[in-house]
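> Take this structure first; my questions come after.
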Amino acid sequence: MRIDIITALPALLHSPFNDSILKRAIQNGLVEVHIHDLREYGLGKHRQIDDYQFGGGAGMVMMVEPIFNCIEQLRQEREYDEIIYMTPDGDRFEQRTANRLSLKENLMLLCGHYKGIDQRIRDHLITMEISIGDYVLSGGELAAAVVSDAIIRLLPGVLNDESSALTDSFQDDLLAPPVYTRPADFKGWKVPEILTGGNFPKIEEWRHEMAIKRTRERRPDLLED
Ligand code: ADE
């Protein structure tokens, strides 16, 4: 898989891909992540990328031309399965979206800033709009990092334990059960006995029950689906 991220603030995206699981996935050639500085496509001496909005009103709007030129450049090099705009008014990002996107070959993510981007980009070039939740971030970069992380960890070979991604919260519309590690007794706080008994079918049964209990208590809406 290849992910291209277009941003006016490339520095914001460096650290998420330079540590831990994502870094290893890139080093192992399981995914390519390319960050593109929109400023390089800016207009004129000042490499302008934003302007006042038509009709007046506070806040700058990201201009159509630099974004168009950057997207077109990339589209000439390869075909994209989705060109995704990160925006609080997009479709809510969920595990099933991550699952679906993890099967794609080439993804492009566009990060917005200021008041947003010129609507014509959304009308003519964007194929999908994603929000990571009902709150407004300063820009789409952190959202793009969240979406990329959720997708990349699903790619075969990225997680050490192959079954691990499948037992995540949300994968079966249930939250994950509680987990414990040594010591079995810490100052009298004991690990549930069932987990130390070695009866693995019983342990699986207990985990499933706990997952349902936790989901019922915290996210009953998931059980309604
Ligand atoms: N850009 C600003 N806020 C956002 C959000 N909640 N989701 C995705 N992109 C955003």
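Ordered as shown in the structure tokens, chains take letters A, B, and onward, while each chain numbers its residues from 1 and ligands are numbered from 1 in the order shown.
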Fewer than 2 positions away in the same chain doesn't count, so skip those; otherwise give me all residues within 8 Å of Val33 of chain A, counting only C-alpha atoms, as a list in words.
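With the cut-off at 8 Å, the set is Arg2, Ile3, Asp4, Ile5, Ile26, Val31 and Ile35 of chain A.
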> Export, as a compact mmCIF listing (two decimals), in the first residue's frame, the selected residues with N, CA and C atoms.

```txt
# COMPACT_ATOMS: atom_id res chain seq x y z
N ARG A 2 0.31 2.29 -0.61
CA ARG A 2 1.00 3.58 -0.61
C ARG A 2 0.02 4.65 -0.15
N ILE A 3 0.47 5.52 0.77
CA ILE A 3 -0.36 6.63 1.23
C ILE A 3 0.37 7.93 0.94
N ASP A 4 -0.27 8.85 0.22
CA ASP A 4 0.28 10.18 -0.03
C ASP A 4 -0.52 11.19 0.78
N ILE A 5 0.18 12.00 1.56
CA ILE A 5 -0.52 12.99 2.38
C ILE A 5 -0.10 14.39 1.93
N ILE A 26 6.96 0.81 7.66
CA ILE A 26 7.57 1.51 6.52
C ILE A 26 8.94 0.89 6.22
N VAL A 31 4.32 -0.66 3.74
CA VAL A 31 3.58 0.53 3.32
C VAL A 31 4.59 1.63 2.99
N ILE A 35 4.88 12.34 2.26
CA ILE A 35 4.29 13.61 2.70
C ILE A 35 4.64 14.68 1.68
```
> Which residues, written as a PyMOL selection string, have at least one atom at most 12 Å from segment 165-177 of chain A, with only C-alpha atoms counted and residues fewer than 3 positions away on the same chain left out?
chain A and resi 94-99+150-162+180+203-225
> Run DSSP on the backbone of this structure and report the residues of segment 136-225 of chain A it assigns to strand (DSSP E or B), as a PyMOL selection string.
chain A and resi 185-186+189-190
> I need the chosen residues saved as a compact mmCIF listing (two decimals), in the first residue's frame, with N, CA and C atoms.

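The file below, out-v5.txt, is the result:
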```txt
# COMPACT_ATOMS: atom_id res chain seq x y z
N ASP A 185 -0.81 -11.18 41.80
CA ASP A 185 -1.34 -10.50 42.99
C ASP A 185 -0.45 -9.29 43.27
N PHE A 186 -1.00 -8.09 43.13
CA PHE A 186 -0.25 -6.87 43.42
C PHE A 186 -0.93 -6.16 44.58
N TRP A 189 -4.44 -6.79 44.96
CA TRP A 189 -5.27 -6.64 43.75
C TRP A 189 -5.02 -7.87 42.89
N LYS A 190 -6.03 -8.72 42.83
CA LYS A 190 -5.80 -10.03 42.20
C LYS A 190 -6.32 -10.09 40.78
```
> Atom CA of Leu125 of chain A and atom 4 (C, counted along the ligand's line) of ligand 1 are how many Å apart?
19.1 Å
> Once you count only C-alpha atoms and all ligand atoms, which residues end up within 7 Å of ligand 1, and could you hand them over as a ChimeraX atom specification?
/A:86-88,112,130-140,143
> Next, the residues of the selection above should be written as a PDB file, in the first residue's frame with C-alpha atoms.

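Okay, result.pdb is ready:
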```pdb
ATOM      1  CA  MET A  86      -9.945  15.306   6.146  1.00  0.00           C
ATOM      2  CA  THR A  87     -12.732  17.537   7.437  1.00  0.00           C
ATOM      3  CA  PRO A  88     -15.018  17.776  10.492  1.00  0.00           C
ATOM      4  CA  GLY A 112      -7.326  21.213   5.316  1.00  0.00           C
ATOM      5  CA  ILE A 130     -13.577  11.759   6.536  1.00  0.00           C
ATOM      6  CA  SER A 131     -14.097  13.222  10.011  1.00  0.00           C
ATOM      7  CA  ILE A 132     -12.466  11.559  13.005  1.00  0.00           C
ATOM      8  CA  GLY A 133     -15.106  12.934  15.386  1.00  0.00           C
ATOM      9  CA  ASP A 134     -17.421  15.785  16.247  1.00  0.00           C
ATOM     10  CA  TYR A 135     -14.802  18.344  17.259  1.00  0.00           C
ATOM     11  CA  VAL A 136     -12.732  20.790  15.264  1.00  0.00           C
ATOM     12  CA  LEU A 137      -8.955  20.385  15.030  1.00  0.00           C
ATOM     13  CA  SER A 138      -6.592  23.150  13.897  1.00  0.00           C
ATOM     14  CA  GLY A 139      -5.959  21.207  10.726  1.00  0.00           C
ATOM     15  CA  GLY A 140      -6.388  17.811   9.121  1.00  0.00           C
ATOM     16  CA  ALA A 143      -6.727  13.362  11.701  1.00  0.00           C
TER      17      ALA A 143
END
```
